[in-house]
Amino acid sequence: MTTPTVRVRYAPSPTGQPHIGTVRTALFNWLFARHHGGKFIVRVEDTDQERLVPGSQENILASLQWLGIQWDEGPEVDGPYAPYIQSERQKLGVYHRAAEQLLRGGHAYRCYCTREQLEEVRALQREQKVQTRPKDPCSALSDAQRRDREAEGGPSVVRFAMPAAGTTSVQDLIRGEVTWQNEVQDDFIIIKSDGFPTYHLANVVDDYLMEISHVLRAEEWLPSTPRHIQLYRALGYPPPLFGHMPMILGPDRAKLSKRHGATSTLEYRDNGYLPEALRNFMVLLGWSLDDKTEVMSLDTMVQNFSLERVSKPAAIFDQEKLLWMNGVYLRQLSPQELAGRLLPFLERDLDQGLLPVDLDYLGRIVPLIQERIKLLSDAADLTRYFFQGELEYDPANLVQKGMDAAGTLAALQRALAALHAAPGFEHATLEESLRAVGAELGLAPRQFFGVLRVALTGRTATPPLFETMAVLGRQRVLDRMQAAIGRLSPA
RNA sequence: GGCGCAUUCGUCUAGCGGCCCAGGACGCCGCCCUCUCAAGGCGGAAAUCAGGGGUUCGAAUCCCCUAUGCGCUACCA
């Protein structure tokens, strides 16, 4: 059997930050769509008006864009099934028409119970250890009683009448067949007292109207799948295929949350991760290409993605591995590309007045730090001495192991003299002449170069000395040598 | 409590009955390279395949039970 037209969707609710787990679900949906030449739709599920967080819709969309996950239909781009925001679709009456249909067909009923009353019923059931679902008192109301309650005009909700007996099964694309007893399912609410549909109704109605072929969502939705299947049945809609993806957990095996550090995709962006690295890392959380391939292009992912290779157990988010992968991608960039990505971070993190306005200079610095940074945000600290006027460091650091102050001073003076006399300032010639000086002084390379390293950068760990000197340029080098000599000389 | 899902190195995973006394990657350790730091190369430790029963000539792979973890159990999604 060939797969019918693939139409999948990502249905976030704008109630918080674009969580890493939900974005991974979006990625899988997107890959699935691209692999099959289908459509990837974004639909905003904002039916919970109370928990709406201003700006979160924008953040969710921004994080998808940052990761290169383009949606074919949805907010901002629209499409043949617009609108793609449920609060707007609500105005069209699509959910109420469905609810009316269910009410007329006897698949739903109005419930007038207060939350307190319901809580009592549930408490009693727990106490008596009743195994079946909580029976809603309003399900047994007579027509006359209903008319009375309606006349009172109090608030009410609409509940779906789950079948009282039998079972509901789903052939899950990832987990296989799963079956539930209908008698333990309760009559869930489909229209809230504020008139908005709940997730269950809105989701089913929109997936049907938007002709969604595959519902690929996180595992936490598996328990509500029988509700959805019964809704499709009662509404007379052909159900889509379902697949429940593994969840992403924190290091303590609990659902990933703020306590585990960054959970928002945008935090990763701001912390200096490359979108292609995060994307590659995320795709490996619950999916594998084969027994060895880990670093791969987007194209490779699209070509090879399949639900069959999605794993079942929940995955723990390993920051260490992400960091490693970010380094891999950082090193793969061309120096020019890296410089461009680094610029905003340097502008943000470098002290005022040190901004690398000279792009050519920055272009020469970048190759020196490329294999030393793990995050874009590492750059400012690693390059600061290239931009500073006067270095800050403890003069004692100039004195290397096995040396004394006098010897260090002498080494600096001899080096300075050699640098003055240096015909050129390329790293090969610098190395040649300075190695000779070091040998004359009877110093080990690590000692002599150690002195120079601290004098020129203020650091004990830097990129290779001669390349660094060549980039710094003659004037800065001579000035810093002079400054070091000054710091070491007795006052 | 009920319902459901899951269970291979610390972590991500490969494995869909014999190729596995279990492969790759991150991390960790050691060596090499080396002016420091990285990067890189090489090597190593690390999983009695949750436990127990079956099925089979043969099981990490199939079945059952138990344990553990997680999810759901809202007028949240």
# chains A, B, ... in the order shown; residues from 1 in each chain; ligands from 1
call {"tool": "interface_residues", "arguments": {"of": "chain B", "to": "chain A", "cutoff": "12 Å", "atoms": "only C-alpha atoms (C1' of nucleotides)", "output": "mmCIF file with N, CA, C and O atoms (P, O5', C5', C4', C3', O3' and C1' of nucleotides), in the first residue's frame"}}
result
data_model
loop_
_atom_site.group_PDB
_atom_site.id
_atom_site.type_symbol
_atom_site.label_atom_id
_atom_site.label_comp_id
_atom_site.auth_asym_id
_atom_site.auth_seq_id
_atom_site.Cartn_x
_atom_site.Cartn_y
_atom_site.Cartn_z
ATOM 1 P P G B 1 -0.583 2.048 44.584
ATOM 2 O "O5'" G B 1 -2.166 2.333 44.433
ATOM 3 C "C5'" G B 1 -3.106 1.493 45.117
ATOM 4 C "C4'" G B 1 -4.490 1.818 44.607
ATOM 5 C "C3'" G B 1 -4.705 1.568 43.115
ATOM 6 O "O3'" G B 1 -5.039 0.226 42.862
ATOM 7 C "C1'" G B 1 -5.500 3.715 43.656
ATOM 8 P P G B 2 -4.598 -0.471 41.504
ATOM 9 O "O5'" G B 2 -5.464 0.303 40.415
ATOM 10 C "C5'" G B 2 -6.861 0.035 40.305
ATOM 11 C "C4'" G B 2 -7.430 0.849 39.175
ATOM 12 C "C3'" G B 2 -6.743 0.643 37.833
ATOM 13 O "O3'" G B 2 -7.275 -0.483 37.154
ATOM 14 C "C1'" G B 2 -6.929 2.957 38.254
ATOM 15 P P C B 3 -6.301 -1.360 36.249
ATOM 16 O "O5'" C B 3 -6.086 -0.431 34.980
ATOM 17 C "C5'" C B 3 -7.187 -0.123 34.129
ATOM 18 C "C4'" C B 3 -6.773 0.913 33.127
ATOM 19 C "C3'" C B 3 -5.504 0.611 32.348
ATOM 20 O "O3'" C B 3 -5.730 -0.278 31.275
ATOM 21 C "C1'" C B 3 -5.424 2.835 33.100
ATOM 22 P P G B 4 -4.540 -1.284 30.875
ATOM 23 O "O5'" G B 4 -3.538 -0.318 30.102
ATOM 24 C "C5'" G B 4 -3.948 0.360 28.920
ATOM 25 C "C4'" G B 4 -2.933 1.403 28.557
ATOM 26 C "C3'" G B 4 -1.514 0.906 28.319
ATOM 27 O "O3'" G B 4 -1.379 0.349 27.019
ATOM 28 C "C1'" G B 4 -1.451 2.862 29.644
ATOM 29 P P C B 5 -0.198 -0.715 26.761
ATOM 30 O "O5'" C B 5 1.105 0.193 26.678
ATOM 31 C "C5'" C B 5 1.247 1.170 25.645
ATOM 32 C "C4'" C B 5 2.443 2.038 25.929
ATOM 33 C "C3'" C B 5 3.770 1.316 26.085
ATOM 34 O "O3'" C B 5 4.355 1.024 24.834
ATOM 35 C "C1'" C B 5 3.528 2.871 27.835
ATOM 36 P P A B 6 5.346 -0.228 24.733
ATOM 37 O "O5'" A B 6 6.611 0.209 25.602
ATOM 38 C "C5'" A B 6 7.490 1.217 25.127
ATOM 39 C "C4'" A B 6 8.450 1.619 26.223
ATOM 40 C "C3'" A B 6 9.463 0.572 26.650
ATOM 41 O "O3'" A B 6 10.568 0.552 25.776
ATOM 42 C "C1'" A B 6 8.520 1.603 28.553
ATOM 43 P P U B 7 11.403 -0.822 25.666
ATOM 44 O "O5'" U B 7 12.296 -0.848 26.999
ATOM 45 C "C5'" U B 7 13.187 0.282 27.297
ATOM 46 C "C4'" U B 7 13.817 -0.024 28.653
ATOM 47 C "C3'" U B 7 14.634 -1.321 28.614
ATOM 48 O "O3'" U B 7 16.028 -1.136 28.821
ATOM 49 C "C1'" U B 7 12.976 -1.353 30.365
ATOM 50 P P U B 8 17.002 -0.012 28.488
ATOM 51 O "O5'" U B 8 18.204 -0.944 28.024
ATOM 52 C "C5'" U B 8 18.410 -2.186 28.704
ATOM 53 C "C4'" U B 8 19.616 -2.855 28.119
ATOM 54 C "C3'" U B 8 20.855 -1.976 28.028
ATOM 55 O "O3'" U B 8 21.546 -1.959 29.262
ATOM 56 C "C1'" U B 8 20.532 -3.057 25.969
ATOM 57 P P G B 10 25.962 1.570 33.216
ATOM 58 O "O5'" G B 10 25.771 3.141 33.398
ATOM 59 C "C5'" G B 10 25.100 3.652 34.553
ATOM 60 C "C4'" G B 10 25.048 5.148 34.423
ATOM 61 C "C3'" G B 10 24.388 5.608 33.133
ATOM 62 O "O3'" G B 10 22.990 5.735 33.329
ATOM 63 C "C1'" G B 10 26.477 6.669 33.354
ATOM 64 P P U B 11 21.961 5.393 32.152
ATOM 65 O "O5'" U B 11 22.240 6.576 31.133
ATOM 66 C "C5'" U B 11 21.795 7.899 31.428
ATOM 67 C "C4'" U B 11 22.104 8.789 30.241
ATOM 68 C "C3'" U B 11 21.636 8.232 28.905
ATOM 69 O "O3'" U B 11 20.257 8.474 28.679
ATOM 70 C "C1'" U B 11 23.859 8.931 28.692
ATOM 71 P P C B 12 19.450 7.509 27.700
ATOM 72 O "O5'" C B 12 19.915 8.003 26.270
ATOM 73 C "C5'" C B 12 19.675 9.346 25.839
ATOM 74 C "C4'" C B 12 20.184 9.514 24.440
ATOM 75 C "C3'" C B 12 19.691 8.437 23.482
ATOM 76 O "O3'" C B 12 18.402 8.748 23.004
ATOM 77 C "C1'" C B 12 22.029 8.693 23.238
ATOM 78 P P U B 13 17.425 7.553 22.612
ATOM 79 O "O5'" U B 13 18.275 6.887 21.452
ATOM 80 C "C5'" U B 13 18.229 5.505 21.202
ATOM 81 C "C4'" U B 13 19.391 5.172 20.316
ATOM 82 C "C3'" U B 13 19.416 3.743 19.794
ATOM 83 O "O3'" U B 13 18.591 3.662 18.635
ATOM 84 C "C1'" U B 13 21.554 4.313 20.626
ATOM 85 P P A B 14 17.930 2.289 18.285
ATOM 86 O "O5'" A B 14 19.171 1.474 17.717
ATOM 87 C "C5'" A B 14 19.844 1.948 16.545
ATOM 88 C "C4'" A B 14 20.870 0.945 16.097
ATOM 89 C "C3'" A B 14 20.360 -0.483 15.972
ATOM 90 O "O3'" A B 14 19.678 -0.648 14.752
ATOM 91 C "C1'" A B 14 22.514 -0.439 16.972
ATOM 92 P P G B 15 18.297 -1.403 14.687
ATOM 93 O "O5'" G B 15 18.666 -2.902 14.954
ATOM 94 C "C5'" G B 15 19.727 -3.556 14.216
ATOM 95 C "C4'" G B 15 20.225 -4.679 15.081
ATOM 96 C "C3'" G B 15 19.165 -5.764 15.283
ATOM 97 O "O3'" G B 15 19.515 -6.887 14.496
ATOM 98 C "C1'" G B 15 20.233 -5.126 17.335
ATOM 99 P P C B 16 18.653 -7.542 13.510
ATOM 100 O "O5'" C B 16 17.679 -8.356 14.461
ATOM 101 C "C5'" C B 16 16.607 -9.038 13.862
ATOM 102 C "C4'" C B 16 15.402 -8.728 14.666
ATOM 103 C "C3'" C B 16 14.150 -9.326 14.063
ATOM 104 O "O3'" C B 16 13.961 -10.612 14.647
ATOM 105 C "C1'" C B 16 13.802 -7.039 14.528
ATOM 106 P P G B 23 30.765 -5.311 21.171
ATOM 107 O "O5'" G B 23 31.036 -4.252 20.034
ATOM 108 C "C5'" G B 23 31.220 -4.673 18.692
ATOM 109 C "C4'" G B 23 30.528 -3.724 17.759
ATOM 110 C "C3'" G B 23 30.685 -2.239 18.117
ATOM 111 O "O3'" G B 23 31.929 -1.714 17.701
ATOM 112 C "C1'" G B 23 28.423 -2.669 17.684
ATOM 113 P P G B 24 32.608 -0.528 18.564
ATOM 114 O "O5'" G B 24 31.799 0.748 18.074
ATOM 115 C "C5'" G B 24 31.815 1.118 16.691
ATOM 116 C "C4'" G B 24 30.865 2.262 16.466
ATOM 117 C "C3'" G B 24 31.084 3.484 17.347
ATOM 118 O "O3'" G B 24 32.115 4.311 16.856
ATOM 119 C "C1'" G B 24 28.788 2.948 17.307
ATOM 120 P P A B 25 32.961 5.209 17.880
ATOM 121 O "O5'" A B 25 31.898 6.289 18.361
ATOM 122 C "C5'" A B 25 31.407 7.260 17.444
ATOM 123 C "C4'" A B 25 30.391 8.134 18.139
ATOM 124 C "C3'" A B 25 30.858 8.780 19.438
ATOM 125 O "O3'" A B 25 31.633 9.938 19.207
ATOM 126 C "C1'" A B 25 28.718 7.853 19.739
ATOM 127 P P C B 26 32.680 10.419 20.296
ATOM 128 O "O5'" C B 26 31.748 11.048 21.431
ATOM 129 C "C5'" C B 26 30.983 12.218 21.175
ATOM 130 C "C4'" C B 26 30.168 12.560 22.395
ATOM 131 C "C3'" C B 26 30.972 12.740 23.678
ATOM 132 O "O3'" C B 26 31.510 14.045 23.763
ATOM 133 C "C1'" C B 26 29.097 11.364 24.100
ATOM 134 P P G B 27 32.990 14.249 24.410
ATOM 135 O "O5'" G B 27 32.784 13.726 25.906
ATOM 136 C "C5'" G B 27 32.009 14.502 26.822
ATOM 137 C "C4'" G B 27 31.821 13.708 28.093
ATOM 138 C "C3'" G B 27 33.091 13.205 28.752
ATOM 139 O "O3'" G B 27 33.703 14.206 29.540
ATOM 140 C "C1'" G B 27 31.508 11.462 28.674
ATOM 141 P P U B 34 55.723 16.589 17.598
ATOM 142 O "O5'" U B 34 55.208 17.883 18.369
ATOM 143 C "C5'" U B 34 54.613 18.963 17.649
ATOM 144 C "C4'" U B 34 53.902 19.857 18.611
ATOM 145 C "C3'" U B 34 54.769 20.398 19.749
ATOM 146 O "O3'" U B 34 55.460 21.570 19.333
ATOM 147 C "C1'" U B 34 52.724 19.543 20.607
ATOM 148 P P C B 35 56.725 22.111 20.169
ATOM 149 O "O5'" C B 35 56.091 22.903 21.368
ATOM 150 C "C5'" C B 35 56.898 23.289 22.478
ATOM 151 C "C4'" C B 35 56.240 24.429 23.197
ATOM 152 C "C3'" C B 35 54.746 24.251 23.390
ATOM 153 O "O3'" C B 35 54.500 23.536 24.586
ATOM 154 C "C1'" C B 35 55.195 26.409 22.518
ATOM 155 P P U B 36 53.300 22.535 24.708
ATOM 156 O "O5'" U B 36 52.197 23.355 25.508
ATOM 157 C "C5'" U B 36 52.445 23.791 26.850
ATOM 158 C "C4'" U B 36 51.378 24.769 27.236
ATOM 159 C "C3'" U B 36 49.957 24.277 27.011
ATOM 160 O "O3'" U B 36 49.511 23.490 28.112
ATOM 161 C "C1'" U B 36 50.181 26.451 26.140
ATOM 162 P P C B 37 48.547 22.267 27.851
ATOM 163 O "O5'" C B 37 47.215 22.969 27.337
ATOM 164 C "C5'" C B 37 46.491 23.843 28.192
ATOM 165 C "C4'" C B 37 45.359 24.460 27.416
ATOM 166 C "C3'" C B 37 44.500 23.475 26.646
ATOM 167 O "O3'" C B 37 43.542 22.872 27.501
ATOM 168 C "C1'" C B 37 45.021 25.304 25.254
ATOM 169 P P A B 38 42.844 21.506 27.070
ATOM 170 O "O5'" A B 38 41.889 22.023 25.913
ATOM 171 C "C5'" A B 38 41.544 21.174 24.859
ATOM 172 C "C4'" A B 38 41.101 22.026 23.700
ATOM 173 C "C3'" A B 38 40.752 21.227 22.465
ATOM 174 O "O3'" A B 38 39.395 20.816 22.532
ATOM 175 C "C1'" A B 38 42.271 22.929 21.881
ATOM 176 P P A B 39 39.022 19.301 22.202
ATOM 177 O "O5'" A B 39 39.319 19.207 20.635
ATOM 178 C "C5'" A B 39 38.567 19.988 19.708
ATOM 179 C "C4'" A B 39 39.254 19.959 18.364
ATOM 180 C "C3'" A B 39 39.561 18.561 17.836
ATOM 181 O "O3'" A B 39 38.442 18.000 17.176
ATOM 182 C "C1'" A B 39 41.499 19.891 17.670
ATOM 183 P P G B 40 38.178 16.441 17.276
ATOM 184 O "O5'" G B 40 39.459 15.814 16.577
ATOM 185 C "C5'" G B 40 39.686 16.008 15.184
ATOM 186 C "C4'" G B 40 41.015 15.436 14.796
ATOM 187 C "C3'" G B 40 41.244 13.973 15.163
ATOM 188 O "O3'" G B 40 40.647 13.100 14.223
ATOM 189 C "C1'" G B 40 43.145 15.221 15.770
ATOM 190 P P G B 69 10.081 3.400 41.050
ATOM 191 O "O5'" G B 69 10.295 4.013 39.607
ATOM 192 C "C5'" G B 69 11.581 4.494 39.217
ATOM 193 C "C4'" G B 69 11.551 4.866 37.761
ATOM 194 C "C3'" G B 69 10.445 5.824 37.358
ATOM 195 O "O3'" G B 69 10.803 7.163 37.625
ATOM 196 C "C1'" G B 69 10.521 4.037 35.819
ATOM 197 P P C B 70 9.634 8.216 38.029
ATOM 198 O "O5'" C B 70 8.944 8.457 36.612
ATOM 199 C "C5'" C B 70 9.682 9.049 35.559
ATOM 200 C "C4'" C B 70 8.927 8.905 34.263
ATOM 201 C "C3'" C B 70 7.522 9.476 34.237
ATOM 202 O "O3'" C B 70 7.518 10.876 34.022
ATOM 203 C "C1'" C B 70 7.501 7.329 33.270
ATOM 204 P P G B 71 6.276 11.745 34.607
ATOM 205 O "O5'" G B 71 5.144 11.418 33.546
ATOM 206 C "C5'" G B 71 5.306 11.787 32.185
ATOM 207 C "C4'" G B 71 4.165 11.221 31.373
ATOM 208 C "C3'" G B 71 2.774 11.593 31.855
ATOM 209 O "O3'" G B 71 2.408 12.875 31.374
ATOM 210 C "C1'" G B 71 2.855 9.285 31.409
ATOM 211 P P C B 72 1.382 13.747 32.244
ATOM 212 O "O5'" C B 72 0.007 12.979 32.063
ATOM 213 C "C5'" C B 72 -0.627 12.960 30.783
ATOM 214 C "C4'" C B 72 -1.832 12.057 30.855
ATOM 215 C "C3'" C B 72 -2.831 12.376 31.948
ATOM 216 O "O3'" C B 72 -3.712 13.423 31.569
ATOM 217 C "C1'" C B 72 -2.410 10.057 31.931
ATOM 218 P P U B 73 -4.429 14.286 32.740
ATOM 219 O "O5'" U B 73 -5.276 13.209 33.541
ATOM 220 C "C5'" U B 73 -6.478 12.689 32.984
ATOM 221 C "C4'" U B 73 -7.052 11.684 33.938
ATOM 222 C "C3'" U B 73 -7.381 12.217 35.321
ATOM 223 O "O3'" U B 73 -8.641 12.879 35.344
ATOM 224 C "C1'" U B 73 -6.238 10.159 35.504
ATOM 225 P P A B 74 -8.918 13.939 36.476
ATOM 226 O "O5'" A B 74 -9.862 14.867 35.597
ATOM 227 C "C5'" A B 74 -9.338 15.820 34.791
ATOM 228 C "C4'" A B 74 -9.944 17.148 35.161
ATOM 229 C "C3'" A B 74 -10.327 17.855 33.854
ATOM 230 O "O3'" A B 74 -11.673 18.263 33.738
ATOM 231 C "C1'" A B 74 -8.492 18.961 35.020
ATOM 232 P P C B 75 -12.552 19.006 34.747
ATOM 233 O "O5'" C B 75 -12.718 20.241 33.803
ATOM 234 C "C5'" C B 75 -12.700 20.064 32.390
ATOM 235 C "C4'" C B 75 -12.725 21.456 31.828
ATOM 236 C "C3'" C B 75 -11.795 22.353 32.657
ATOM 237 O "O3'" C B 75 -10.610 22.642 31.933
ATOM 238 C "C1'" C B 75 -14.064 23.259 32.447
ATOM 239 P P C B 76 -10.169 23.849 31.220
ATOM 240 O "O5'" C B 76 -8.607 24.008 31.527
ATOM 241 C "C5'" C B 76 -7.813 22.837 31.605
ATOM 242 C "C4'" C B 76 -6.561 23.184 30.879
ATOM 243 C "C3'" C B 76 -6.470 22.602 29.476
ATOM 244 O "O3'" C B 76 -7.168 23.424 28.562
ATOM 245 C "C1'" C B 76 -4.443 22.248 30.658
ATOM 246 P P A B 77 -7.330 22.974 27.043
ATOM 247 O "O5'" A B 77 -5.865 23.352 26.534
ATOM 248 C "C5'" A B 77 -5.451 22.989 25.248
ATOM 249 C "C4'" A B 77 -3.969 22.711 25.280
ATOM 250 C "C3'" A B 77 -3.565 21.623 24.293
ATOM 251 O "O3'" A B 77 -3.323 22.182 23.019
ATOM 252 C "C1'" A B 77 -2.730 21.054 26.427
#
call {"tool": "select_by_dssp", "arguments": {"residues": "range 179-253 of chain A", "states": "strand (DSSP E)", "output": "ChimeraX atom specification"}}
result
/A:179-181,189-191,214-218,241-245,248-249
call {"tool": "atom_distance", "arguments": {"atom1": "CA of Ala418 in chain A", "atom2": "CA of Gln482 in chain A"}}
result
12.9 Å
call {"tool": "atom_distance", "arguments": {"atom1": "CA of Lys258 in chain A", "atom2": "CA of Glu347 in chain A"}}
result
28.0 Å
call {"tool": "select_by_dssp", "arguments": {"residues": "range 281-365 of chain A", "states": "helix (DSSP H, G or I)", "output": "count of residues only"}}
result
49
call {"tool": "decode", "arguments": {"residues": "range 220-234 of chain A", "atoms": "N, CA and C atoms", "output": "PDB file, in the first residue's frame"}}
result
ATOM      1  N   GLU A 220       2.771  11.411  25.833  1.00  0.00           N
ATOM      2  CA  GLU A 220       1.836  11.788  26.879  1.00  0.00           C
ATOM      3  C   GLU A 220       0.386  11.840  26.378  1.00  0.00           C
ATOM      4  N   TRP A 221       0.225  11.822  25.054  1.00  0.00           N
ATOM      5  CA  TRP A 221      -1.121  11.868  24.480  1.00  0.00           C
ATOM      6  C   TRP A 221      -1.722  10.487  24.273  1.00  0.00           C
ATOM      7  N   LEU A 222      -0.936   9.485  24.438  1.00  0.00           N
ATOM      8  CA  LEU A 222      -1.439   8.131  24.192  1.00  0.00           C
ATOM      9  C   LEU A 222      -2.705   7.816  24.991  1.00  0.00           C
ATOM     10  N   PRO A 223      -2.749   8.161  26.290  1.00  0.00           N
ATOM     11  CA  PRO A 223      -3.947   7.818  27.071  1.00  0.00           C
ATOM     12  C   PRO A 223      -5.224   8.508  26.586  1.00  0.00           C
ATOM     13  N   SER A 224      -5.113   9.602  25.871  1.00  0.00           N
ATOM     14  CA  SER A 224      -6.360  10.242  25.433  1.00  0.00           C
ATOM     15  C   SER A 224      -6.746   9.837  24.014  1.00  0.00           C
ATOM     16  N   THR A 225      -5.956   8.960  23.443  1.00  0.00           N
ATOM     17  CA  THR A 225      -6.264   8.515  22.081  1.00  0.00           C
ATOM     18  C   THR A 225      -7.621   7.808  21.959  1.00  0.00           C
ATOM     19  N   PRO A 226      -8.012   6.978  22.928  1.00  0.00           N
ATOM     20  CA  PRO A 226      -9.344   6.353  22.793  1.00  0.00           C
ATOM     21  C   PRO A 226     -10.459   7.398  22.730  1.00  0.00           C
ATOM     22  N   ARG A 227     -10.276   8.496  23.462  1.00  0.00           N
ATOM     23  CA  ARG A 227     -11.272   9.568  23.393  1.00  0.00           C
ATOM     24  C   ARG A 227     -11.366  10.100  21.969  1.00  0.00           C
ATOM     25  N   HIS A 228     -10.220  10.316  21.397  1.00  0.00           N
ATOM     26  CA  HIS A 228     -10.201  10.897  20.058  1.00  0.00           C
ATOM     27  C   HIS A 228     -10.789   9.943  19.035  1.00  0.00           C
ATOM     28  N   ILE A 229     -10.450   8.683  19.191  1.00  0.00           N
ATOM     29  CA  ILE A 229     -10.971   7.699  18.243  1.00  0.00           C
ATOM     30  C   ILE A 229     -12.497   7.619  18.325  1.00  0.00           C
ATOM     31  N   GLN A 230     -13.007   7.667  19.561  1.00  0.00           N
ATOM     32  CA  GLN A 230     -14.472   7.629  19.708  1.00  0.00           C
ATOM     33  C   GLN A 230     -15.116   8.902  19.165  1.00  0.00           C
ATOM     34  N   LEU A 231     -14.421   9.985  19.283  1.00  0.00           N
ATOM     35  CA  LEU A 231     -14.947  11.240  18.725  1.00  0.00           C
ATOM     36  C   LEU A 231     -15.040  11.143  17.203  1.00  0.00           C
ATOM     37  N   TYR A 232     -13.982  10.648  16.594  1.00  0.00           N
ATOM     38  CA  TYR A 232     -13.999  10.490  15.142  1.00  0.00           C
ATOM     39  C   TYR A 232     -15.186   9.619  14.742  1.00  0.00           C
ATOM     40  N   ARG A 233     -15.363   8.543  15.469  1.00  0.00           N
ATOM     41  CA  ARG A 233     -16.421   7.597  15.165  1.00  0.00           C
ATOM     42  C   ARG A 233     -17.803   8.257  15.274  1.00  0.00           C
ATOM     43  N   ALA A 234     -18.014   8.948  16.398  1.00  0.00           N
ATOM     44  CA  ALA A 234     -19.322   9.557  16.636  1.00  0.00           C
ATOM     45  C   ALA A 234     -19.618  10.670  15.626  1.00  0.00           C
TER      46      ALA A 234
END
